[in-house]
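Visitor: What follows is the file upload.cif, containing mmCIF, C-alpha atoms and all ligand atoms:
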data_target
#
loop_
_atom_site.label_atom_id
_atom_site.label_comp_id
_atom_site.auth_asym_id
_atom_site.auth_seq_id
_atom_site.Cartn_x
_atom_site.Cartn_y
_atom_site.Cartn_z
CA MET A 1 -4.67 -15.78 16.52
CA GLY A 2 -5.54 -13.93 13.32
CA GLU A 3 -3.56 -11.43 11.30
CA VAL A 4 -4.04 -7.67 10.99
CA LEU A 5 -3.48 -6.25 7.50
CA VAL A 6 -3.55 -2.49 6.91
CA ILE A 7 -4.32 -1.23 3.41
CA THR A 8 -2.66 2.12 2.80
CA SER A 9 -1.38 4.36 0.00
CA GLY A 10 -0.28 7.88 0.85
CA LYS A 11 -2.05 9.45 -2.10
CA GLY A 12 -5.80 9.65 -1.84
CA GLY A 13 -8.32 8.09 -4.19
CA VAL A 14 -6.11 5.31 -5.55
CA GLY A 15 -8.41 2.51 -4.40
CA LYS A 16 -7.76 1.64 -0.73
CA THR A 17 -11.41 1.39 0.25
CA THR A 18 -12.27 -0.64 -2.85
CA ALA A 19 -9.30 -2.91 -2.10
CA THR A 20 -10.34 -3.34 1.54
CA ALA A 21 -13.90 -4.31 0.55
CA ASN A 22 -12.71 -6.79 -2.06
CA VAL A 23 -9.86 -8.33 -0.11
CA GLY A 24 -12.18 -8.73 2.89
CA THR A 25 -15.02 -10.17 0.84
CA GLY A 26 -12.64 -12.34 -1.19
CA LEU A 27 -11.14 -13.88 1.94
CA ALA A 28 -14.59 -14.46 3.45
CA SER A 29 -15.76 -16.12 0.23
CA ILE A 30 -13.07 -18.77 0.65
CA GLY A 31 -14.21 -19.51 4.16
CA LYS A 32 -12.11 -17.18 6.32
CA LYS A 33 -13.51 -15.22 9.25
CA VAL A 34 -12.89 -11.59 8.37
CA VAL A 35 -13.55 -8.17 9.89
CA MET A 36 -12.98 -4.94 7.95
CA VAL A 37 -12.27 -1.80 9.96
CA ASP A 38 -12.86 1.64 8.44
CA THR A 39 -10.44 4.08 10.11
CA ASP A 40 -11.25 7.01 7.84
CA ILE A 41 -12.97 8.96 10.61
CA GLY A 42 -15.11 11.79 9.25
CA LEU A 43 -14.99 10.39 5.70
CA ARG A 44 -16.67 7.03 6.17
CA ASN A 45 -16.97 5.09 2.89
CA LEU A 46 -16.44 1.38 3.36
CA ASP A 47 -20.04 0.98 4.53
CA VAL A 48 -21.49 2.21 1.22
CA VAL A 49 -19.01 0.24 -0.88
CA MET A 50 -20.16 -2.85 1.03
CA GLY A 51 -23.84 -1.86 0.83
CA LEU A 52 -24.15 -1.90 4.63
CA GLU A 53 -24.78 1.79 5.29
CA ASN A 54 -28.31 1.26 6.63
CA ARG A 55 -27.27 -1.07 9.40
CA ILE A 56 -24.92 1.17 11.34
CA VAL A 57 -25.72 1.81 14.97
CA TYR A 58 -22.36 2.14 16.68
CA ASP A 59 -18.93 2.94 15.22
CA LEU A 60 -15.19 2.74 15.78
CA VAL A 61 -15.14 5.77 18.09
CA ASP A 62 -17.95 4.32 20.22
CA VAL A 63 -15.91 1.16 20.67
CA ALA A 64 -12.65 2.97 21.38
CA GLN A 65 -14.30 5.24 23.94
CA GLY A 66 -16.24 2.41 25.56
CA ASN A 67 -19.75 3.65 24.64
CA CYS A 68 -20.66 0.15 23.52
CA ARG A 69 -19.27 -3.36 23.49
CA LEU A 70 -17.17 -4.41 20.51
CA LYS A 71 -19.71 -7.06 19.44
CA GLN A 72 -22.50 -4.48 19.32
CA ALA A 73 -20.64 -2.34 16.79
CA LEU A 74 -19.79 -5.15 14.37
CA ILE A 75 -22.12 -5.23 11.35
CA LYS A 76 -22.68 -8.62 9.75
CA ASP A 77 -22.41 -8.74 5.97
CA LYS A 78 -25.64 -9.61 4.17
CA ARG A 79 -24.03 -12.03 1.70
CA LEU A 80 -21.28 -13.89 3.47
CA GLU A 81 -21.18 -15.54 6.83
CA GLY A 82 -18.05 -14.78 8.79
CA LEU A 83 -17.67 -11.30 7.28
CA CYS A 84 -18.12 -8.20 9.46
CA LEU A 85 -17.60 -4.46 9.21
CA LEU A 86 -16.60 -2.03 11.93
CA PRO A 87 -17.57 1.37 10.48
CA ALA A 88 -15.77 4.66 11.03
CA ALA A 89 -17.46 7.52 12.86
CA GLN A 90 -18.78 10.14 10.49
CA THR A 91 -19.25 13.11 12.81
CA LYS A 92 -16.13 13.06 14.96
CA ASP A 93 -12.59 14.03 14.06
CA LYS A 94 -9.49 11.91 13.64
CA THR A 95 -8.18 12.64 17.12
CA ALA A 96 -11.19 10.83 18.65
CA VAL A 97 -9.15 7.59 18.56
CA THR A 98 -5.57 7.07 19.73
CA PRO A 99 -2.97 4.60 18.40
CA GLU A 100 -3.03 2.84 21.78
CA GLN A 101 -6.79 2.30 21.51
CA MET A 102 -6.34 0.96 17.98
CA GLU A 103 -3.69 -1.49 19.15
CA GLU A 104 -5.99 -2.82 21.84
CA LEU A 105 -8.89 -3.07 19.40
CA CYS A 106 -6.80 -5.02 16.86
CA LEU A 107 -5.62 -7.36 19.57
CA ASN A 108 -9.23 -8.11 20.55
CA LEU A 109 -10.37 -8.57 16.95
CA LYS A 110 -7.46 -10.93 16.18
CA LYS A 111 -8.77 -13.32 18.81
CA GLU A 112 -12.08 -13.69 16.98
CA PHE A 113 -11.17 -13.39 13.30
CA ASP A 114 -8.68 -14.95 10.89
CA TYR A 115 -8.10 -11.61 9.19
CA VAL A 116 -8.56 -8.02 10.33
CA ILE A 117 -8.42 -5.73 7.28
CA ILE A 118 -7.90 -2.05 8.04
CA ASP A 119 -8.87 0.66 5.56
CA CYS A 120 -6.44 3.53 6.11
CA PRO A 121 -7.28 7.18 5.34
CA ALA A 122 -5.19 9.12 2.81
CA GLY A 123 -2.23 11.11 4.11
CA ILE A 124 0.60 10.52 6.55
CA GLU A 125 -0.76 12.16 9.70
CA GLY A 126 -2.74 10.92 12.68
CA GLY A 127 -5.12 8.77 10.67
CA PHE A 128 -2.19 6.84 9.22
CA LYS A 129 -0.69 6.36 12.68
CA ASN A 130 -3.98 5.03 14.01
CA ALA A 131 -4.52 2.67 11.09
CA THR A 132 -1.04 1.18 11.31
CA ALA A 133 -0.76 1.01 15.10
CA GLY A 134 -2.12 -2.51 15.52
CA ALA A 135 -1.13 -3.92 12.14
CA ASP A 136 1.01 -7.02 11.56
CA LYS A 137 1.45 -6.49 7.82
CA ALA A 138 0.86 -3.71 5.33
CA ILE A 139 -0.49 -3.67 1.79
CA VAL A 140 0.30 -0.56 -0.25
CA VAL A 141 -2.02 0.43 -3.09
CA THR A 142 -0.82 2.55 -5.98
CA THR A 143 -1.89 3.40 -9.51
CA PRO A 144 0.67 3.41 -12.35
CA GLU A 145 1.12 7.19 -12.13
CA ILE A 146 4.15 9.15 -10.99
CA SER A 147 2.41 10.97 -8.15
CA ALA A 148 0.86 7.82 -6.70
CA VAL A 149 4.08 5.79 -6.93
CA ARG A 150 6.03 8.62 -5.35
CA ASP A 151 3.64 8.76 -2.41
CA ALA A 152 3.74 4.96 -2.15
CA ASP A 153 7.53 5.20 -1.78
CA ARG A 154 7.13 7.68 1.05
CA ILE A 155 4.58 5.45 2.76
CA ILE A 156 6.85 2.40 2.45
CA GLY A 157 9.54 4.42 4.27
CA LEU A 158 7.11 5.42 7.01
CA LEU A 159 5.85 1.84 7.34
CA GLU A 160 9.43 0.66 7.83
CA ALA A 161 9.95 3.32 10.47
CA ALA A 162 6.84 1.94 12.19
CA GLU A 163 8.37 -1.58 12.14
CA LEU A 164 6.02 -2.72 9.36
CA ARG A 165 8.67 -4.13 7.08
CA ASN A 166 8.28 -5.75 3.66
CA PRO A 167 4.87 -4.43 2.69
CA THR A 168 3.31 -5.93 -0.44
CA LEU A 169 1.97 -3.92 -3.36
CA ILE A 170 -1.30 -3.77 -5.28
CA VAL A 171 -1.08 -1.92 -8.59
CA ASN A 172 -4.60 -0.68 -9.30
CA ARG A 173 -6.24 0.75 -12.43
CA LEU A 174 -3.68 -0.69 -14.84
CA ARG A 175 -4.65 -0.31 -18.48
CA PRO A 176 -2.98 -3.05 -20.55
CA ASP A 177 -3.79 -1.19 -23.79
CA MET A 178 -1.87 1.88 -22.61
CA VAL A 179 1.00 -0.23 -21.27
CA LYS A 180 1.32 -1.86 -24.68
CA LYS A 181 1.51 1.52 -26.39
CA GLY A 182 4.24 2.64 -24.00
CA ASP A 183 1.99 5.21 -22.37
CA MET A 184 1.68 3.67 -18.93
CA MET A 185 4.25 2.24 -16.54
CA ASP A 186 4.07 -1.55 -16.30
CA ILE A 187 4.15 -3.66 -13.13
CA ASP A 188 7.86 -4.38 -13.63
CA ASP A 189 8.71 -0.68 -13.83
CA ILE A 190 6.92 -0.01 -10.55
CA ILE A 191 8.37 -3.02 -8.71
CA ASP A 192 11.79 -2.04 -9.98
CA ILE A 193 11.45 1.44 -8.51
CA LEU A 194 9.75 0.59 -5.21
CA ALA A 195 11.63 -2.67 -4.58
CA VAL A 196 8.72 -4.42 -2.89
CA GLU A 197 6.92 -7.69 -3.44
CA ILE A 198 3.84 -7.54 -5.68
CA LEU A 199 0.57 -8.90 -4.31
CA GLY A 200 -1.59 -8.28 -7.35
CA VAL A 201 -2.58 -6.17 -10.33
CA VAL A 202 -6.10 -4.84 -10.73
CA PRO A 203 -7.13 -3.50 -14.13
CA GLU A 204 -9.12 -0.37 -14.73
CA ASP A 205 -12.60 -1.87 -14.89
CA GLN A 206 -16.06 -0.38 -15.28
CA ALA A 207 -17.38 -3.29 -13.24
CA ILE A 208 -15.87 -1.56 -10.16
CA VAL A 209 -18.02 1.52 -10.69
CA ILE A 210 -21.11 -0.62 -11.26
CA SER A 211 -20.38 -2.75 -8.22
CA SER A 212 -19.95 0.25 -5.95
CA ASN A 213 -23.19 1.71 -7.33
CA LYS A 214 -24.88 -1.44 -6.13
CA GLY A 215 -22.90 -1.91 -2.95
CA GLU A 216 -21.69 -5.35 -4.04
CA PRO A 217 -17.92 -5.92 -4.07
CA VAL A 218 -16.64 -6.76 -7.56
CA VAL A 219 -14.77 -9.81 -6.24
CA LEU A 220 -18.15 -11.61 -6.23
CA ASP A 221 -18.65 -10.82 -9.93
CA LEU A 222 -17.28 -13.89 -11.68
CA ASN A 223 -17.31 -12.24 -15.10
CA SER A 224 -15.22 -9.18 -14.36
CA SER A 225 -11.46 -8.98 -14.75
CA ALA A 226 -11.11 -6.85 -11.60
CA GLY A 227 -13.08 -9.51 -9.73
CA LEU A 228 -10.66 -12.19 -10.87
CA ALA A 229 -7.71 -10.03 -9.86
CA TYR A 230 -9.13 -9.66 -6.35
CA ARG A 231 -9.93 -13.37 -6.04
CA ASN A 232 -6.29 -14.08 -6.84
CA ILE A 233 -5.12 -11.48 -4.33
CA ALA A 234 -7.26 -13.09 -1.61
CA LYS A 235 -5.78 -16.51 -2.38
CA ARG A 236 -2.23 -15.14 -2.35
CA ILE A 237 -2.87 -13.65 1.08
CA THR A 238 -3.75 -17.12 2.38
CA GLY A 239 -0.42 -18.37 1.06
CA GLU A 240 -1.45 -19.88 -2.26
CA MET A 241 1.24 -19.46 -4.91
CA ILE A 242 -0.41 -17.83 -7.89
CA PRO A 243 2.01 -16.02 -10.20
CA VAL A 244 1.21 -12.36 -10.89
CA THR A 245 0.89 -11.89 -14.61
CA SER A 246 -0.36 -8.96 -16.62
CA TRP A 247 -2.89 -11.11 -18.44
CA GLU A 248 -4.75 -10.91 -15.19
CA ALA A 249 -5.29 -7.31 -16.09
CA GLU A 250 -6.32 -8.05 -19.65
CA GLU A 251 -9.97 -7.81 -20.34
CA GLY A 252 -9.59 -10.10 -23.34
CA LEU A 253 -11.42 -13.28 -24.15
CA LEU A 254 -8.64 -15.45 -22.78
CA GLY A 255 -8.89 -13.87 -19.33
CA LYS A 256 -12.64 -14.20 -19.33
CA LEU A 257 -12.50 -17.84 -20.41
CA LYS A 258 -9.88 -18.64 -17.84
CA SER A 259 -11.85 -17.06 -15.04
CA PHE A 260 -15.01 -18.77 -16.26
CA PHE A 261 -13.38 -22.17 -16.03
CA GLY A 262 -11.67 -21.29 -12.77
CA PHE A 263 -8.09 -21.47 -14.04
CA ASN A 264 -5.92 -19.04 -12.23
CA ASP A 265 -2.53 -19.58 -13.72
CA MET B 1 20.14 1.52 -18.83
CA ASP B 2 17.46 2.35 -21.33
CA ILE B 3 16.56 5.80 -20.11
CA PHE B 4 14.83 7.06 -23.18
CA GLY B 5 13.53 3.76 -24.48
CA LYS B 6 11.40 4.27 -27.55
CA ALA B 7 8.10 2.57 -28.11
CA ALA B 8 8.03 0.48 -31.27
CA GLY B 9 7.92 2.59 -34.41
CA GLN B 10 8.02 5.94 -32.59
CA GLN B 11 10.56 8.74 -32.75
CA GLU B 12 9.76 10.33 -29.40
CA PRO B 13 10.64 8.56 -26.15
CA SER B 14 7.52 6.85 -24.82
CA SER B 15 5.70 8.72 -22.08
CA LYS B 16 6.20 5.65 -19.92
CA SER B 17 10.00 5.92 -20.05
CA ILE B 18 9.82 9.64 -19.36
CA ALA B 19 7.63 8.88 -16.34
CA LYS B 20 10.00 6.22 -15.07
CA GLU B 21 13.06 8.44 -15.36
CA ARG B 22 11.36 11.41 -13.71
CA LEU B 23 10.15 9.15 -10.93
CA ARG B 24 13.61 7.71 -10.39
CA LEU B 25 15.06 11.18 -9.94
CA VAL B 26 12.33 12.53 -7.72
CA LEU B 27 12.69 9.51 -5.45
CA VAL B 28 16.44 10.00 -5.12
CA HIS B 29 15.64 13.45 -3.75
CA ASP B 30 12.71 12.31 -1.61
CA ARG B 31 14.62 9.45 -0.08
CA ALA B 32 17.63 11.67 0.56
CA SER B 33 15.59 14.30 2.35
CA ILE B 34 13.51 12.21 4.69
CA SER B 35 16.01 10.38 6.82
CA PRO B 36 18.34 12.48 8.97
CA GLN B 37 18.62 9.46 11.28
CA LEU B 38 20.03 7.39 8.43
CA LEU B 39 22.61 10.06 7.72
CA GLU B 40 23.60 10.09 11.39
CA ASP B 41 23.97 6.29 11.38
CA LEU B 42 26.04 6.47 8.21
CA LYS B 43 28.28 9.12 9.77
CA GLU B 44 28.93 6.96 12.82
CA ASP B 45 29.77 3.93 10.70
CA MET B 46 32.12 5.99 8.52
CA LEU B 47 33.89 7.40 11.57
CA LYS B 48 34.41 3.91 12.92
CA VAL B 49 36.07 2.75 9.73
CA ILE B 50 38.18 5.86 9.18
CA SER B 51 39.42 6.11 12.74
CA SER B 52 41.22 2.80 12.41
CA TYR B 53 43.40 4.47 9.77
CA MET B 54 43.80 7.96 11.16
CA GLU B 55 42.95 10.14 14.09
CA ILE B 56 40.05 12.41 13.22
CA ASP B 57 38.09 15.18 14.87
CA GLU B 58 34.70 13.57 15.38
CA ASN B 59 33.03 16.78 16.51
CA GLY B 60 34.15 18.68 13.45
CA THR B 61 32.84 16.01 11.10
CA GLU B 62 29.98 16.82 8.77
CA VAL B 63 28.12 14.42 6.50
CA THR B 64 25.46 15.82 4.20
CA LEU B 65 23.65 15.08 0.98
CA LYS B 66 23.95 17.77 -1.62
CA SER B 67 21.58 17.73 -4.53
CA ASP B 68 21.16 19.64 -7.74
CA ASP B 69 18.74 19.13 -10.61
CA SER B 70 19.99 15.80 -11.84
CA SER B 71 22.05 14.20 -9.10
CA VAL B 72 22.62 13.76 -5.41
CA ALA B 73 26.10 13.61 -3.86
CA LEU B 74 27.22 12.47 -0.44
CA MET B 75 29.56 15.13 0.99
CA ALA B 76 31.76 14.38 3.97
CA SER B 77 34.05 16.84 5.66
CA ILE B 78 36.28 15.06 8.17
CA PRO B 79 39.12 17.01 9.83
CA VAL B 80 42.23 14.82 10.22
CA ILE B 81 44.27 15.29 13.38
CA LYS B 82 46.96 12.67 12.86
CA ILE B 83 47.62 9.92 10.34
CA ASN B 84 48.81 6.65 11.85
CA ARG B 85 52.07 5.13 10.68
CA ILE B 86 51.35 1.93 8.77
N1 LIG C 1 -9.72 -0.72 -10.79
C1 LIG C 1 -10.59 0.31 -10.85
N2 LIG C 1 -11.25 0.57 -12.00
C2 LIG C 1 -12.14 1.59 -12.06
N3 LIG C 1 -12.43 2.40 -11.03
C3 LIG C 1 -11.80 2.21 -9.86
C4 LIG C 1 -10.84 1.16 -9.70
N4 LIG C 1 -10.39 1.19 -8.43
C5 LIG C 1 -11.01 2.21 -7.82
N5 LIG C 1 -11.86 2.84 -8.65
C6 LIG C 1 -12.69 4.01 -8.35
O1 LIG C 1 -11.86 5.04 -7.86
C7 LIG C 1 -12.50 5.79 -6.85
C8 LIG C 1 -11.65 5.88 -5.60
O2 LIG C 1 -11.55 4.58 -5.02
P1 LIG C 1 -11.49 4.39 -3.44
O3 LIG C 1 -12.55 5.14 -2.76
O4 LIG C 1 -11.38 2.92 -3.20
O5 LIG C 1 -10.09 5.07 -3.14
P2 LIG C 1 -9.44 5.41 -1.73
O6 LIG C 1 -7.96 5.21 -1.88
O7 LIG C 1 -10.10 4.65 -0.65
O8 LIG C 1 -9.79 6.96 -1.58
P3 LIG C 1 -9.56 7.88 -0.26
O9 LIG C 1 -8.10 8.18 -0.23
O10 LIG C 1 -10.40 9.07 -0.52
O11 LIG C 1 -10.00 7.07 0.92
C9 LIG C 1 -13.84 5.12 -6.62
O12 LIG C 1 -14.82 5.85 -7.27
C10 LIG C 1 -13.68 3.74 -7.21
O13 LIG C 1 -14.89 3.24 -7.70
MG MG C 2 -10.99 5.37 1.20
#
Would you put the structure from the file into structure tokens?
Ligand SMILES: Nc1ncnc2c1ncn2[C@@H]1O[C@H](COP(=O)(O)OP(=O)(O)OP(=O)(O)O)[C@@H](O)[C@H]1O
Ligand SMILES: [Mg+2]

Guide:
Amino acid sequence: MGEVLVITSGKGGVGKTTATANVGTGLASIGKKVVMVDTDIGLRNLDVVMGLENRIVYDLVDVAQGNCRLKQALIKDKRLEGLCLLPAAQTKDKTAVTPEQMEELCLNLKKEFDYVIIDCPAGIEGGFKNATAGADKAIVVTTPEISAVRDADRIIGLLEAAELRNPTLIVNRLRPDMVKKGDMMDIDDIIDILAVEILGVVPEDQAIVISSNKGEPVVLDLNSSAGLAYRNIAKRITGEMIPVTSWEAEEGLLGKLKSFFGFND
Amino acid sequence: MDIFGKAAGQQEPSSKSIAKERLRLVLVHDRASISPQLLEDLKEDMLKVISSYMEIDENGTEVTLKSDDSSVALMASIPVIKINRI
């Protein structure tokens, strides 16, 4: 039986969809069977980030409402075997799926895949309830800004209320140069405030913009610092002990060399 | 605690420490305002403890969080009916 991980944030635009694509692809690249589920109904995005937008026939709502079989709606990734996407519906609204339907869907997917990664929409309403309904664990994404951390705190409270205790945290878009100058909160500051376990730090990285232009997750780019950060996150999810350090977020020569030679700690 | 920690060589507090302090305060308020259930649980636990020392009017008891700009206080009003002899 696999594990269902929901990737959520509260505040919009902090990097949930990018994280879902890279965690999913990262896990598949180390041999896991993975399905990514886009639950952002009406604002479908994971398909373009993955470069799979031209292959969609059926979607999440079709599956939930029984218009097609689950297998028919799963889109196979073009790069990695064992990686699939279940896209969100673009034309329906969020009420088209119920939490009960999501629970059943997750249960079915868990039988076939090692990991089910759920991309949650922004906000704390119905979409959040749907995305978390069938989840075993939660990953909260934040940026090092007050508003994002505040919303992450709220989400952690709501996750606990939904029996999803001890979520882990991804700090995204960290800028080591600004942290050094004292103009950006560091990982320690954020962990201190939110009191959760850290899963990884992803630096602000142009490679992410380039990779989403191309529809190729940055985790496959061996030269980017964000790619390295996501490879480490994927390994940590499988239980490997890789310490979280801020050099991971440094775009310096050392980081590049280390990732080139495959040293992760 | 280093509330207004200064970045090396600077006079002004760093914007990072301002952010952290503002965040800390806003979360005290947020966390206080989102869990009436927690307050109810707290009230029940308090009543349990206190009633082993004195007889109190459970229905007249009120437990609230009162907040102003820089702090949050737990306010409890518990009418005492009788104090037990020790
Ligand atoms: N580490 C990063 N460095 C640079 N750009 C990034 C980084 N992470 C995310 N982005 C960019 O930020 C934007 C928002 O990311 P994304 O769509 O993943 O956020 P989201 O949380 O899913 O948003 P929404 O709440 O709308 O679903 C995208 O354009 C993405 O390319
Ligand atoms: Mg998104």

Visitor: Could you jot down the atom C4 of ligand LIG 1 (chain C) to CA of Thr18 in chain A separation for me, Å, one decimal place?

Guide: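 About the pair atom C4 of ligand LIG 1 (chain C) and CA of Thr18 in chain A: they are 7.2 Å apart.
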
Visitor: Within 10 Å of ligand MG 2 (chain C) (counting all atoms listed in the file), which residues show up? I'd like them as a PyMOL selection string.

Guide: chain A and resi 7-9+12-20+38-40+43-46+49+119-122

Visitor: Export, as an mmCIF file, keeping the file's coordinate frame, the selected residues with C-alpha atoms.

Guide:
data_model
loop_
_atom_site.group_PDB
_atom_site.id
_atom_site.type_symbol
_atom_site.label_atom_id
_atom_site.label_comp_id
_atom_site.auth_asym_id
_atom_site.auth_seq_id
_atom_site.Cartn_x
_atom_site.Cartn_y
_atom_site.Cartn_z
ATOM 1 C CA ILE A 7 -4.320 -1.230 3.410
ATOM 2 C CA THR A 8 -2.660 2.120 2.800
ATOM 3 C CA SER A 9 -1.380 4.360 0.000
ATOM 4 C CA GLY A 12 -5.800 9.650 -1.840
ATOM 5 C CA GLY A 13 -8.320 8.090 -4.190
ATOM 6 C CA VAL A 14 -6.110 5.310 -5.550
ATOM 7 C CA GLY A 15 -8.410 2.510 -4.400
ATOM 8 C CA LYS A 16 -7.760 1.640 -0.730
ATOM 9 C CA THR A 17 -11.410 1.390 0.250
ATOM 10 C CA THR A 18 -12.270 -0.640 -2.850
ATOM 11 C CA ALA A 19 -9.300 -2.910 -2.100
ATOM 12 C CA THR A 20 -10.340 -3.340 1.540
ATOM 13 C CA ASP A 38 -12.860 1.640 8.440
ATOM 14 C CA THR A 39 -10.440 4.080 10.110
ATOM 15 C CA ASP A 40 -11.250 7.010 7.840
ATOM 16 C CA LEU A 43 -14.990 10.390 5.700
ATOM 17 C CA ARG A 44 -16.670 7.030 6.170
ATOM 18 C CA ASN A 45 -16.970 5.090 2.890
ATOM 19 C CA LEU A 46 -16.440 1.380 3.360
ATOM 20 C CA VAL A 49 -19.010 0.240 -0.880
ATOM 21 C CA ASP A 119 -8.870 0.660 5.560
ATOM 22 C CA CYS A 120 -6.440 3.530 6.110
ATOM 23 C CA PRO A 121 -7.280 7.180 5.340
ATOM 24 C CA ALA A 122 -5.190 9.120 2.810
#

Visitor: Between CA of Arg173 in chain A and CA of Leu83 in chain A, what distance in Å does the model show, to one decimal?

Guide: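 For CA of Arg173 in chain A relative to CA of Leu83 in chain A, the distance reads 25.8 Å.
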
Visitor: Separation of CA of Thr98 in chain A and atom N4 of ligand LIG 1 (chain C), in Å?

Guide: 29.2 Å

Visitor: Could you list, as a VMD selection string, every residue of chain B that has an atom within 8 Å of an atom of chain A, counting only C-alpha atoms?

Guide: chain B and resid 7 14 to 17 19 to 20 23 to 24 26 to 27 30 to 31

Visitor: From the options A:Leu86, A:Val219, A:Met1, A:Ala207, which residue's atoms come nearest to ligand LIG 1 (chain C), counting all atoms listed in the file?

Guide: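 Closest candidate: A:Ala207.
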
Visitor: Give me the residues near Val80 in chain B as a list in words, where near means some atom within 8 Å (using all atoms listed in the file) and where sequence neighbours in that chain fewer than 6 positions away do not count.

Guide: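 After dropping sequence-adjacent residues, the list is Met54, Glu55, Ile56 and Asp57 of chain B.
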
Visitor: List the residues sitting within 7 Å of (16.4, 19.8, -3.8) in the file's frame, using all atoms listed in the file, as an MDAnalysis selection string.

Guide: chainID B and resid 29 67:68

Visitor: Give me the residues near range 209-211 of chain A as a VMD selection string, where near means some atom within 10 Å (using all atoms listed in the file) and where sequence neighbours in that chain fewer than 2 positions away do not count.

Guide: chain A and resid 18 49 to 51 204 to 207 213 to 221

Visitor: Could range 177-191 of chain A be completed with N, CA and C atoms and returned as a PDB file, in the coordinates of the input?

Guide:
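Resulting contents of result14.pdb:
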ATOM      1  N   ASP A 177      -3.896  -1.818 -22.464  1.00  0.00           N
ATOM      2  CA  ASP A 177      -3.790  -1.190 -23.790  1.00  0.00           C
ATOM      3  C   ASP A 177      -2.796  -0.035 -23.766  1.00  0.00           C
ATOM      4  N   MET A 178      -2.813   0.763 -22.705  1.00  0.00           N
ATOM      5  CA  MET A 178      -1.870   1.880 -22.610  1.00  0.00           C
ATOM      6  C   MET A 178      -0.453   1.403 -22.333  1.00  0.00           C
ATOM      7  N   VAL A 179      -0.326   0.329 -21.535  1.00  0.00           N
ATOM      8  CA  VAL A 179       1.000  -0.230 -21.270  1.00  0.00           C
ATOM      9  C   VAL A 179       1.631  -0.691 -22.573  1.00  0.00           C
ATOM     10  N   LYS A 180       0.826  -1.360 -23.393  1.00  0.00           N
ATOM     11  CA  LYS A 180       1.320  -1.860 -24.680  1.00  0.00           C
ATOM     12  C   LYS A 180       1.819  -0.742 -25.575  1.00  0.00           C
ATOM     13  N   LYS A 181       1.113   0.381 -25.550  1.00  0.00           N
ATOM     14  CA  LYS A 181       1.510   1.520 -26.390  1.00  0.00           C
ATOM     15  C   LYS A 181       2.696   2.284 -25.817  1.00  0.00           C
ATOM     16  N   GLY A 182       3.129   1.916 -24.619  1.00  0.00           N
ATOM     17  CA  GLY A 182       4.240   2.640 -24.000  1.00  0.00           C
ATOM     18  C   GLY A 182       3.783   3.909 -23.301  1.00  0.00           C
ATOM     19  N   ASP A 183       2.500   3.996 -23.004  1.00  0.00           N
ATOM     20  CA  ASP A 183       1.990   5.210 -22.370  1.00  0.00           C
ATOM     21  C   ASP A 183       1.586   5.013 -20.916  1.00  0.00           C
ATOM     22  N   MET A 184       1.945   3.858 -20.362  1.00  0.00           N
ATOM     23  CA  MET A 184       1.680   3.670 -18.930  1.00  0.00           C
ATOM     24  C   MET A 184       2.776   2.773 -18.378  1.00  0.00           C
ATOM     25  N   MET A 185       3.239   3.083 -17.164  1.00  0.00           N
ATOM     26  CA  MET A 185       4.250   2.240 -16.540  1.00  0.00           C
ATOM     27  C   MET A 185       3.669   0.850 -16.299  1.00  0.00           C
ATOM     28  N   ASP A 186       4.496  -0.168 -16.509  1.00  0.00           N
ATOM     29  CA  ASP A 186       4.070  -1.550 -16.300  1.00  0.00           C
ATOM     30  C   ASP A 186       4.390  -1.969 -14.863  1.00  0.00           C
ATOM     31  N   ILE A 187       3.890  -3.143 -14.483  1.00  0.00           N
ATOM     32  CA  ILE A 187       4.150  -3.660 -13.130  1.00  0.00           C
ATOM     33  C   ILE A 187       5.646  -3.708 -12.846  1.00  0.00           C
ATOM     34  N   ASP A 188       6.412  -4.217 -13.826  1.00  0.00           N
ATOM     35  CA  ASP A 188       7.860  -4.380 -13.630  1.00  0.00           C
ATOM     36  C   ASP A 188       8.543  -3.051 -13.335  1.00  0.00           C
ATOM     37  N   ASP A 189       8.117  -1.997 -14.052  1.00  0.00           N
ATOM     38  CA  ASP A 189       8.710  -0.680 -13.830  1.00  0.00           C
ATOM     39  C   ASP A 189       8.497  -0.242 -12.377  1.00  0.00           C
ATOM     40  N   ILE A 190       7.282  -0.483 -11.893  1.00  0.00           N
ATOM     41  CA  ILE A 190       6.920  -0.010 -10.550  1.00  0.00           C
ATOM     42  C   ILE A 190       7.622  -0.842  -9.472  1.00  0.00           C
ATOM     43  N   ILE A 191       7.669  -2.160  -9.684  1.00  0.00           N
ATOM     44  CA  ILE A 191       8.370  -3.020  -8.710  1.00  0.00           C
ATOM     45  C   ILE A 191       9.843  -2.653  -8.660  1.00  0.00           C
TER      46      ILE A 191
END
